[in-house]
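Below: input_25.pdb (PDB, C-alpha atoms and all ligand atoms)
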```pdb
ATOM      1  CA  MET K   1     114.030 119.895 143.080
ATOM      2  CA  SER K   2     115.696 119.291 139.740
ATOM      3  CA  THR K   3     115.390 121.981 137.121
ATOM      4  CA  PRO K   4     113.696 120.840 133.919
ATOM      5  CA  LYS K   5     116.197 120.059 131.181
ATOM      6  CA  HIS K   6     114.011 121.364 128.380
ATOM      7  CA  PRO K   7     112.502 124.783 127.725
ATOM      8  CA  ALA K   8     108.810 125.390 128.327
ATOM      9  CA  GLY K   9     106.922 124.547 125.160
ATOM     10  CA  TYR K  10     109.312 121.752 124.131
ATOM     11  CA  ARG K  11     107.486 119.481 121.698
ATOM     12  CA  ALA K  12     108.013 115.908 120.547
ATOM     13  CA  GLY K  13     106.160 113.390 118.428
ATOM     14  CA  PHE K  14     106.039 110.973 115.522
ATOM     15  CA  VAL K  15     106.051 111.862 111.825
ATOM     16  CA  ALA K  16     105.377 109.390 109.002
ATOM     17  CA  VAL K  17     107.395 109.963 105.836
ATOM     18  CA  ILE K  18     105.325 108.670 102.941
ATOM     19  CA  GLY K  19     105.655 108.605  99.173
ATOM     20  CA  ARG K  20     106.222 106.405  96.184
ATOM     21  CA  PRO K  21     109.632 104.725  95.803
ATOM     22  CA  ASN K  22     112.647 106.849  94.842
ATOM     23  CA  VAL K  23     111.289 110.334  95.614
ATOM     24  CA  GLY K  24     113.903 110.896  98.357
ATOM     25  CA  LYS K  25     112.204 109.889 101.618
ATOM     26  CA  SER K  26     115.323 108.306 103.105
ATOM     27  CA  THR K  27     117.494 111.217 101.950
ATOM     28  CA  LEU K  28     115.110 113.611 103.733
ATOM     29  CA  VAL K  29     115.192 111.546 106.928
ATOM     30  CA  ASN K  30     119.008 111.468 106.850
ATOM     31  CA  SER K  31     119.131 115.221 106.274
ATOM     32  CA  LEU K  32     116.843 115.922 109.247
ATOM     33  CA  VAL K  33     118.652 113.445 111.525
ATOM     34  CA  GLY K  34     122.065 114.717 110.396
ATOM     35  CA  SER K  35     123.531 111.205 109.893
ATOM     36  CA  LYS K  36     123.176 108.574 107.231
ATOM     37  CA  ILE K  37     120.993 106.051 109.034
ATOM     38  CA  SER K  38     118.737 105.128 106.117
ATOM     39  CA  ILE K  39     120.337 103.766 102.987
ATOM     40  CA  VAL K  40     119.796 105.483  99.665
ATOM     41  CA  SER K  41     120.131 104.444  96.040
ATOM     42  CA  SER K  42     118.778 105.460  92.666
ATOM     43  CA  ARG K  43     116.805 102.204  92.568
ATOM     44  CA  PRO K  44     113.209 102.099  93.693
ATOM     45  CA  GLN K  45     112.522  99.995  96.786
ATOM     46  CA  THR K  46     115.904 100.442  98.433
ATOM     47  CA  THR K  47     114.269 100.847 101.842
ATOM     48  CA  ARG K  48     112.725  97.522 102.843
ATOM     49  CA  HIS K  49     112.033  98.084 106.529
ATOM     50  CA  ARG K  50     110.174 100.673 108.493
ATOM     51  CA  MET K  51     112.756 102.499 110.589
ATOM     52  CA  LEU K  52     112.835 105.434 112.958
ATOM     53  CA  GLY K  53     115.095 108.440 112.512
ATOM     54  CA  ILE K  54     115.384 110.612 115.602
ATOM     55  CA  ALA K  55     115.991 114.313 114.926
ATOM     56  CA  SER K  56     116.590 116.427 118.031
ATOM     57  CA  PHE K  57     116.522 120.241 118.025
ATOM     58  CA  PRO K  58     116.683 122.788 120.873
ATOM     59  CA  GLU K  59     112.927 123.355 120.613
ATOM     60  CA  GLY K  60     111.732 119.813 120.065
ATOM     61  CA  GLN K  61     112.240 116.286 118.801
ATOM     62  CA  LEU K  62     110.898 114.601 115.668
ATOM     63  CA  VAL K  63     110.717 110.838 115.483
ATOM     64  CA  LEU K  64     110.564 110.205 111.745
ATOM     65  CA  VAL K  65     109.134 106.955 110.451
ATOM     66  CA  ASP K  66     110.947 106.195 107.185
ATOM     67  CA  THR K  67     108.999 103.725 105.105
ATOM     68  CA  PRO K  68     109.395 101.605 102.032
ATOM     69  CA  GLY K  69     107.532 103.416  99.248
ATOM     70  CA  ILE K  70     103.892 102.629  98.683
ATOM     71  CA  HIS K  71     103.409 101.142  95.251
ATOM     72  CA  ALA K  72     100.741  99.226  93.400
ATOM     73  CA  LYS K  73     102.647  96.090  92.358
ATOM     74  CA  GLN K  74     102.292  93.434  95.078
ATOM     75  CA  SER K  75     103.160  90.140  93.477
ATOM     76  CA  ARG K  76     105.963  88.870  95.707
ATOM     77  CA  ALA K  77     106.055  88.302  99.453
ATOM     78  CA  MET K  78     108.733  91.023  99.724
ATOM     79  CA  ASN K  79     106.498  93.614  98.040
ATOM     80  CA  ARG K  80     103.565  92.712 100.270
ATOM     81  CA  TYR K  81     105.823  93.095 103.306
ATOM     82  CA  MET K  82     106.975  96.550 102.140
ATOM     83  CA  ASN K  83     103.458  97.853 101.475
ATOM     84  CA  ARG K  84     102.318  96.645 104.918
ATOM     85  CA  ALA K  85     105.252  98.447 106.541
ATOM     86  CA  ALA K  86     104.440 101.677 104.688
ATOM     87  CA  ARG K  87     100.707 101.692 105.397
ATOM     88  CA  GLY K  88     101.235 100.698 109.050
ATOM     89  CA  ALA K  89     103.401 103.790 109.542
ATOM     90  CA  VAL K  90     100.461 106.159 109.096
ATOM     91  CA  SER K  91      98.717 105.054 112.271
ATOM     92  CA  ASP K  92      99.717 106.658 115.591
ATOM     93  CA  VAL K  93     101.646 109.613 114.194
ATOM     94  CA  HIS K  94     101.143 113.341 114.860
ATOM     95  CA  ALA K  95     101.883 114.429 111.310
ATOM     96  CA  ALA K  96     102.784 113.000 107.939
ATOM     97  CA  VAL K  97     105.066 114.219 105.192
ATOM     98  CA  LEU K  98     104.086 113.298 101.654
ATOM     99  CA  VAL K  99     107.232 113.458  99.549
ATOM    100  CA  ILE K 100     106.903 113.896  95.801
ATOM    101  CA  GLU K 101     109.364 114.735  93.059
ATOM    102  CA  ALA K 102     109.319 118.228  91.592
ATOM    103  CA  GLY K 103     107.617 118.427  88.225
ATOM    104  CA  ARG K 104     106.053 114.959  88.296
ATOM    105  CA  TRP K 105     102.821 113.620  89.732
ATOM    106  CA  HIS K 106     102.411 109.844  89.360
ATOM    107  CA  ASP K 107      99.555 107.442  89.994
ATOM    108  CA  ASP K 108     101.562 106.077  92.909
ATOM    109  CA  ASP K 109     101.707 109.620  94.421
ATOM    110  CA  ALA K 110      97.920 109.615  94.358
ATOM    111  CA  LEU K 111      97.949 106.167  95.983
ATOM    112  CA  ALA K 112     100.200 107.465  98.782
ATOM    113  CA  TYR K 113      97.967 110.523  99.266
ATOM    114  CA  SER K 114      94.885 108.356  99.530
ATOM    115  CA  ALA K 115      96.577 106.262 102.224
ATOM    116  CA  LEU K 116      96.978 109.502 104.243
ATOM    117  CA  LYS K 117      93.643 111.125 103.496
ATOM    118  CA  HIS K 118      91.717 108.923 105.913
ATOM    119  CA  SER K 119      94.144 109.295 108.801
ATOM    120  CA  GLU K 120      93.137 112.857 109.868
ATOM    121  CA  VAL K 121      96.733 113.859 110.706
ATOM    122  CA  PRO K 122      98.131 117.092 109.220
ATOM    123  CA  VAL K 123      99.948 116.333 105.965
ATOM    124  CA  LEU K 124     102.889 118.417 104.750
ATOM    125  CA  LEU K 125     103.470 118.270 101.010
ATOM    126  CA  VAL K 126     107.211 118.175 100.413
ATOM    127  CA  VAL K 127     108.242 118.732  96.812
ATOM    128  CA  ASN K 128     111.768 117.326  96.629
ATOM    129  CA  LYS K 129     114.618 117.450  94.089
ATOM    130  CA  ILE K 130     114.028 121.083  93.107
ATOM    131  CA  ASP K 131     117.768 121.215  92.350
ATOM    132  CA  LYS K 132     117.072 119.034  89.303
ATOM    133  CA  LEU K 133     114.514 121.388  87.824
ATOM    134  CA  ALA K 134     115.840 123.582  85.029
ATOM    135  CA  ASP K 135     112.741 125.763  84.837
ATOM    136  CA  LYS K 136     111.695 126.808  88.347
ATOM    137  CA  ASN K 137     108.724 128.752  86.916
ATOM    138  CA  ALA K 138     107.066 125.473  86.044
ATOM    139  CA  LEU K 139     106.765 124.661  89.761
ATOM    140  CA  LEU K 140     103.930 127.025  90.529
ATOM    141  CA  PRO K 141     101.341 125.622  88.103
ATOM    142  CA  PHE K 142     102.483 122.107  89.079
ATOM    143  CA  ILE K 143     101.785 122.802  92.746
ATOM    144  CA  GLN K 144      98.534 124.602  92.011
ATOM    145  CA  GLU K 145      97.320 121.574  90.109
ATOM    146  CA  ILE K 146      98.196 119.146  92.919
ATOM    147  CA  THR K 147      96.750 121.250  95.708
ATOM    148  CA  ALA K 148      93.568 122.205  93.836
ATOM    149  CA  ASP K 149      91.498 119.336  95.201
ATOM    150  CA  ARG K 150      93.732 118.064  98.029
ATOM    151  CA  THR K 151      94.302 119.397 101.531
ATOM    152  CA  PHE K 152      97.774 120.002 102.944
ATOM    153  CA  HIS K 153      98.919 121.656 106.174
ATOM    154  CA  SER K 154     101.676 123.378 104.186
ATOM    155  CA  VAL K 155     103.806 123.004 101.077
ATOM    156  CA  HIS K 156     107.622 122.964 101.078
ATOM    157  CA  LEU K 157     109.988 123.075  98.129
ATOM    158  CA  ILE K 158     113.217 121.352  99.054
ATOM    159  CA  SER K 159     116.354 119.581  97.968
ATOM    160  CA  ALA K 160     116.957 116.862 100.554
ATOM    161  CA  LEU K 161     120.236 115.999  98.846
ATOM    162  CA  LYS K 162     121.577 119.548  99.230
ATOM    163  CA  ASN K 163     119.932 120.169 102.634
ATOM    164  CA  LYS K 164     117.925 123.047 101.136
ATOM    165  CA  GLY K 165     114.624 123.822 102.810
ATOM    166  CA  THR K 166     114.814 120.908 105.232
ATOM    167  CA  ALA K 167     115.277 123.118 108.319
ATOM    168  CA  ASP K 168     111.952 124.808 107.518
ATOM    169  CA  VAL K 169     110.287 121.406 107.235
ATOM    170  CA  ALA K 170     111.619 120.541 110.710
ATOM    171  CA  ARG K 171     110.420 123.844 112.220
ATOM    172  CA  ASP K 172     106.979 123.436 110.699
ATOM    173  CA  LEU K 173     106.704 119.854 111.961
ATOM    174  CA  ILE K 174     107.818 120.699 115.506
ATOM    175  CA  ARG K 175     105.028 123.287 115.766
ATOM    176  CA  ILE K 176     102.480 120.522 115.071
ATOM    177  CA  MET K 177     103.891 118.118 117.699
ATOM    178  CA  PRO K 178     102.289 117.947 121.156
ATOM    179  CA  GLU K 179     104.104 119.421 124.141
ATOM    180  CA  SER K 180     106.153 116.587 125.565
ATOM    181  CA  GLU K 181     109.492 115.612 127.011
ATOM    182  CA  PRO K 182     111.814 114.047 124.405
ATOM    183  CA  LEU K 183     110.652 110.547 123.446
ATOM    184  CA  TYR K 184     114.221 109.310 122.930
ATOM    185  CA  ASP K 185     117.605 110.321 124.329
ATOM    186  CA  GLU K 186     118.766 113.319 122.356
ATOM    187  CA  ASP K 187     121.996 111.565 121.333
ATOM    188  CA  GLU K 188     120.088 108.633 119.813
ATOM    189  CA  ILE K 189     119.587 108.803 116.049
ATOM    190  CA  THR K 190     117.623 105.614 115.276
ATOM    191  CA  ASP K 191     115.750 102.700 116.848
ATOM    192  CA  LYS K 192     117.825 100.189 114.896
ATOM    193  CA  SER K 193     120.908  98.434 116.267
ATOM    194  CA  GLN K 194     124.403  98.985 114.903
ATOM    195  CA  ARG K 195     124.243  95.385 113.731
ATOM    196  CA  PHE K 196     121.179  96.124 111.614
ATOM    197  CA  LEU K 197     122.703  99.336 110.235
ATOM    198  CA  ALA K 198     125.881  97.450 109.291
ATOM    199  CA  GLY K 199     123.823  94.998 107.207
ATOM    200  CA  GLU K 200     121.979  97.846 105.529
ATOM    201  CA  LEU K 201     125.240  99.559 104.541
ATOM    202  CA  VAL K 202     126.386  96.382 102.775
ATOM    203  CA  ARG K 203     122.987  96.083 101.079
ATOM    204  CA  GLU K 204     123.210  99.712  99.953
ATOM    205  CA  GLN K 205     126.374  98.848  98.031
ATOM    206  CA  LEU K 206     124.581  95.947  96.327
ATOM    207  CA  MET K 207     121.720  98.268  95.347
ATOM    208  CA  GLN K 208     124.143 100.811  93.950
ATOM    209  CA  ARG K 209     126.603  98.532  92.161
ATOM    210  CA  LEU K 210     124.677  95.601  90.691
ATOM    211  CA  GLY K 211     122.717  95.320  87.440
ATOM    212  CA  ASP K 212     118.977  95.619  87.220
ATOM    213  CA  GLU K 213     117.512  92.421  88.654
ATOM    214  CA  LEU K 214     120.181  91.239  91.042
ATOM    215  CA  PRO K 215     119.848  93.696  93.952
ATOM    216  CA  TYR K 216     116.298  92.558  94.594
ATOM    217  CA  SER K 217     117.335  88.948  95.004
ATOM    218  CA  ALA K 218     120.083  89.753  97.497
ATOM    219  CA  THR K 219     119.925  90.318 101.210
ATOM    220  CA  VAL K 220     122.531  90.661 103.919
ATOM    221  CA  GLU K 221     122.909  88.885 107.232
ATOM    222  CA  ILE K 222     125.410  90.058 109.841
ATOM    223  CA  GLU K 223     126.894  86.876 111.263
ATOM    224  CA  LYS K 224     129.476  88.528 113.465
ATOM    225  CA  PHE K 225     129.486  91.862 115.291
ATOM    226  CA  GLU K 226     132.202  92.028 117.942
ATOM    227  CA  VAL K 227     133.775  94.891 119.836
ATOM    228  CA  ASP K 228     137.523  94.341 120.042
ATOM    229  CA  GLY K 229     138.997  97.283 121.955
ATOM    230  CA  SER K 230     138.492 100.316 119.730
ATOM    231  CA  LEU K 231     137.893  98.071 116.700
ATOM    232  CA  LEU K 232     134.596  96.596 115.440
ATOM    233  CA  ARG K 233     134.920  93.155 113.840
ATOM    234  CA  ILE K 234     131.987  92.597 111.485
ATOM    235  CA  GLY K 235     131.192  89.563 109.339
ATOM    236  CA  ALA K 236     128.532  89.958 106.611
ATOM    237  CA  VAL K 237     126.942  87.238 104.472
ATOM    238  CA  ILE K 238     125.364  88.289 101.170
ATOM    239  CA  TRP K 239     122.519  85.847 100.492
ATOM    240  CA  LEU K 240     121.686  85.248  96.839
ATOM    241  CA  GLU K 241     118.954  83.256  95.140
ATOM    242  CA  ARG K 242     120.998  81.405  92.529
ATOM    243  CA  GLU K 243     124.504  79.978  92.283
ATOM    244  CA  GLY K 244     125.056  81.889  89.006
ATOM    245  CA  GLN K 245     124.622  85.230  90.796
ATOM    246  CA  LYS K 246     127.740  84.683  92.879
ATOM    247  CA  ALA K 247     130.131  85.355  90.010
ATOM    248  CA  ILE K 248     128.358  88.650  89.289
ATOM    249  CA  VAL K 249     128.607  89.871  92.872
ATOM    250  CA  ILE K 250     132.211  88.789  93.259
ATOM    251  CA  GLY K 251     133.298  90.200  89.893
ATOM    252  CA  LYS K 252     136.458  89.658  87.899
ATOM    253  CA  GLY K 253     139.287  88.721  90.241
ATOM    254  CA  GLY K 254     137.045  89.615  93.209
ATOM    255  CA  GLU K 255     137.128  93.311  92.252
ATOM    256  CA  ARG K 256     133.440  94.052  92.721
ATOM    257  CA  MET K 257     133.259  92.280  96.068
ATOM    258  CA  LYS K 258     136.302  94.249  97.176
ATOM    259  CA  SER K 259     134.757  97.618  96.326
ATOM    260  CA  ILE K 260     131.425  96.635  97.907
ATOM    261  CA  SER K 261     133.267  95.728 101.074
ATOM    262  CA  THR K 262     135.501  98.816 101.137
ATOM    263  CA  SER K 263     132.643 101.280 100.602
ATOM    264  CA  ALA K 264     130.456  99.551 103.185
ATOM    265  CA  ARG K 265     133.313  99.649 105.683
ATOM    266  CA  ILE K 266     133.891 103.381 105.091
ATOM    267  CA  GLY K 267     130.161 104.006 105.677
ATOM    268  CA  MET K 268     130.250 101.992 108.906
ATOM    269  CA  GLU K 269     133.314 103.828 110.200
ATOM    270  CA  ALA K 270     131.605 107.181 109.549
ATOM    271  CA  LEU K 271     128.360 106.116 111.196
ATOM    272  CA  PHE K 272     129.812 104.275 114.215
ATOM    273  CA  GLY K 273     132.796 106.563 114.744
ATOM    274  CA  SER K 274     135.242 103.680 115.132
ATOM    275  CA  LYS K 275     137.574 101.583 113.067
ATOM    276  CA  VAL K 276     135.924  98.585 111.376
ATOM    277  CA  PHE K 277     137.352  95.275 110.187
ATOM    278  CA  LEU K 278     134.789  93.916 107.719
ATOM    279  CA  GLU K 279     134.693  90.452 106.169
ATOM    280  CA  THR K 280     132.115  89.783 103.460
ATOM    281  CA  TRP K 281     131.166  86.602 101.651
ATOM    282  CA  CYS K 282     128.350  85.169  99.448
ATOM    283  CA  ARG K 283     125.989  82.260 100.011
ATOM    284  CA  VAL K 284     122.998  80.937  98.055
ATOM    285  CA  ARG K 285     119.522  80.222  99.299
ATOM    286  CA  ASP K 286     117.014  79.419  96.609
ATOM    287  CA  GLY K 287     114.047  81.791  96.313
ATOM    288  CA  TRP K 288     114.453  83.528  99.691
ATOM    289  CA  SER K 289     112.576  86.692  98.687
ATOM    290  CA  ASP K 290     109.326  84.817  98.092
ATOM    291  CA  ASP K 291     109.658  82.612 101.162
ATOM    292  CA  GLU K 292     107.911  84.035 104.261
ATOM    293  CA  ALA K 293     110.004  81.916 106.656
ATOM    294  CA  ALA K 294     113.293  83.014 105.125
ATOM    295  CA  LEU K 295     112.110  86.644 105.179
ATOM    296  CA  ARG K 296     111.494  86.417 108.919
ATOM    297  CA  ARG K 297     114.908  84.918 109.488
ATOM    298  CA  PHE K 298     116.541  87.822 107.637
ATOM    299  CA  GLY K 299     114.663  90.282 109.864
ATOM    300  CA  TYR K 300     111.673  91.104 107.671
ATOM    301  CA  ASN K 301     109.076  90.544 110.356
ATOM    302  CA  ASP K 302     106.288  92.866 111.439
TER     303      ASP K 302
HETATM  304  N1  LIG K 401     118.993 115.586  92.652
HETATM  305  C1  LIG K 401     118.468 115.121  93.785
HETATM  306  N2  LIG K 401     118.441 113.809  94.024
HETATM  307  C2  LIG K 401     117.899 113.381  95.184
HETATM  308  C3  LIG K 401     117.351 114.279  96.147
HETATM  309  N3  LIG K 401     116.877 113.544  97.179
HETATM  310  C4  LIG K 401     117.120 112.252  96.869
HETATM  311  N4  LIG K 401     117.744 112.141  95.686
HETATM  312  C5  LIG K 401     118.189 110.896  95.004
HETATM  313  O1  LIG K 401     117.069 110.119  94.673
HETATM  314  C6  LIG K 401     117.362 108.732  94.803
HETATM  315  C7  LIG K 401     116.370 108.064  95.745
HETATM  316  O2  LIG K 401     116.541 108.576  97.048
HETATM  317  P1  LIG K 401     116.018 107.772  98.326
HETATM  318  O3  LIG K 401     116.199 108.687  99.503
HETATM  319  O4  LIG K 401     116.613 106.397  98.394
HETATM  320  O5  LIG K 401     114.452 107.661  97.953
HETATM  321  P2  LIG K 401     113.297 106.835  98.704
HETATM  322  O6  LIG K 401     113.126 105.578  97.912
HETATM  323  O7  LIG K 401     112.075 107.693  98.601
HETATM  324  O8  LIG K 401     113.734 106.609 100.111
HETATM  325  C8  LIG K 401     118.805 108.658  95.292
HETATM  326  O9  LIG K 401     119.643 108.467  94.183
HETATM  327  C9  LIG K 401     119.025 110.026  95.918
HETATM  328  O10 LIG K 401     120.382 110.429  95.915
HETATM  329  C10 LIG K 401     117.397 115.693  95.854
HETATM  330  O11 LIG K 401     116.963 116.551  96.618
HETATM  331  N5  LIG K 401     117.957 116.044  94.660
HETATM  332 MG    MG K 402     113.971 104.898 101.162
END
```
Translate the structure described by the file into structure tokens.
Amino acid sequence: MSTPKHPAGYRAGFVAVIGRPNVGKSTLVNSLVGSKISIVSSRPQTTRHRMLGIASFPEGQLVLVDTPGIHAKQSRAMNRYMNRAARGAVSDVHAAVLVIEAGRWHDDDALAYSALKHSEVPVLLVVNKIDKLADKNALLPFIQEITADRTFHSVHLISALKNKGTADVARDLIRIMPESEPLYDEDEITDKSQRFLAGELVREQLMQRLGDELPYSATVEIEKFEVDGSLLRIGAVIWLEREGQKAIVIGKGGERMKSISTSARIGMEALFGSKVFLETWCRVRDGWSDDEAALRRFGYND
């Protein structure tokens, strides 16, 4: 008879990570997983897809569902896709984490809470970015106000960016999970392919480096992903909506494109643990972000 690999009382389950855009959901998922699998930027709506982050601990495993933020504006096909992905994440989970930003309670926080309220799963309130708060004394009345007429399993004050308080969030969540064998191999960190993650790392650079409107009209397609001995050869196409956007992405003398490519490559090498040869170029496809067929082709299908 084989001895069981996991201790008695090992727990595993799914956790939805919910909140309005830009509160730090992806940063929290990365902190719990211990690797940067979900891209992060200071722009709202960086996360476009629902993705799983797998966080394994000696006493249990959390499968975190990172979501695009729930928000009220739904005019374009892309926004409708992102809201569907976020709301869909609340079904079939064992717990949910509502992430908010310390010191601020927005209408869209209330919208996210109301999406959870009907689901009957325990909800942890995670107040993030406490490192940014000059006056920590202001937190208590803020939290009292939020929790006065809302029900939470527990409240955590954290800084996902500085990994402060996140271990307690994990411990608390594991206690809620059902007893179970691990749901994924303990060395897996996400359900997404390396190919997908490579595209996201290029898109992260676009989100971080381009002016206000442009990042939302760009997407990335990985045309080539080849293993060549210990080297990964990756070819990425940046799809834009208008010819005029090309010059902006490429920059003077190709400088911007070069830094996008270099930073994305460094991120890929860290995540994949191998050397990467990355080629990046731009193409134009008119109006792709409001075209359901083009969205599906670029992997936005649910
Ligand atoms: N100061 C600070 N910034 C944070 C923290 N967590 C996330 N951020 C920043 O907030 C921005 C949005 O984070 P992201 O994880 O993409 O938010 P999401 O849209 O909710 O997934 C990024 O610039 C992060 O670096 C934190 O604990 N402290
Ligand atoms: Mg995100």
query: Using the chain letters and numbers from the file, which residues does the PyMOL selection byres (((chain K and resi 219) around 6) and not hetatm) grab, as a list in words?
result: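 Evaluating the PyMOL selection byres (((chain K and resi 219) around 6) and not hetatm) on these coordinates yields Ala218, Val220, Ile238 and Trp239 of chain K.
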Open item on the list: Please list as a PyMOL selection string every residue within 10 Å of Ala138 of chain K, counting all atoms listed in the file and excluding residues in the same chain fewer than 4 positions away.
Closed with: chain K and resi 102-103+133-134+142-143
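Against the coordinates shown, the PyMOL selection byres (((chain K and resi 33) around 9) and not hetatm) returns Leu28, Val29, Asn30, Ser31, Leu32, Gly34, Ser35, Lys36, Ile37, Gly53, Ile54, Ala55, Ser56, Leu62, Leu64, Ile189 and Thr190 of chain K.
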Students should find that atom CA of Pro21 of chain K and atom P2 of ligand LIG 401 (chain K) are spaced 5.1 Å
So which residues touch Val237 of chain K within 6 Å, counting all atoms listed in the file, skipping near sequence neighbours fewer than 4 positions away, as a PDB file with C-alpha atoms, in the frame of the given file?
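This went into around.pdb:
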```pdb
ATOM      1  CA  VAL K 220     122.531  90.661 103.919  1.00  0.00           C
ATOM      2  CA  GLU K 221     122.909  88.885 107.232  1.00  0.00           C
ATOM      3  CA  THR K 280     132.115  89.783 103.460  1.00  0.00           C
ATOM      4  CA  TRP K 281     131.166  86.602 101.651  1.00  0.00           C
ATOM      5  CA  CYS K 282     128.350  85.169  99.448  1.00  0.00           C
TER       6      CYS K 282
END
```
Notebook entry, point to check: How many Å lie between atom CA of Ile222 of chain K and atom CA of Ile248 of chain K, rounded to one decimal?
Noted result: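 Computed distance, atom CA of Ile222 of chain K to atom CA of Ile248 of chain K, equals 20.8 Å.
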Mind listing whatever residues come within 9 Å of the point (115.2, 105.3, 90.1)? Use only C-alpha atoms, file coordinates, and give them as a VMD selection string.
chain K and resid 21 to 23 41 to 45
Next on the checklist: For the provided coordinates, the residues matched by the PyMOL selection byres (((chain K and resi 162) around 10) and not hetatm) should be stated as a list of chain:residue names.
Outcome noted: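 In the shown coordinates, the PyMOL selection byres (((chain K and resi 162) around 10) and not hetatm) covers K:Thr27, K:Leu28, K:Ser31, K:Lys129, K:Ile130, K:Asp131, K:Ile158, K:Ser159, K:Ala160, K:Leu161, K:Asn163, K:Lys164, K:Gly165, K:Thr166.
Residue nearest ligand LIG 401 (chain K), chosen from K:Glu120, K:Asp109, K:Glu145, K:Glu179 and counting all atoms listed in the file: K:Asp109.
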Margin query: Just want the residues within 6 Å of ligand MG 402 (chain K), written as an MDAnalysis selection string, counting only C-alpha atoms and all ligand atoms.
Written below: chainID K and resid 25:26 46:47 68
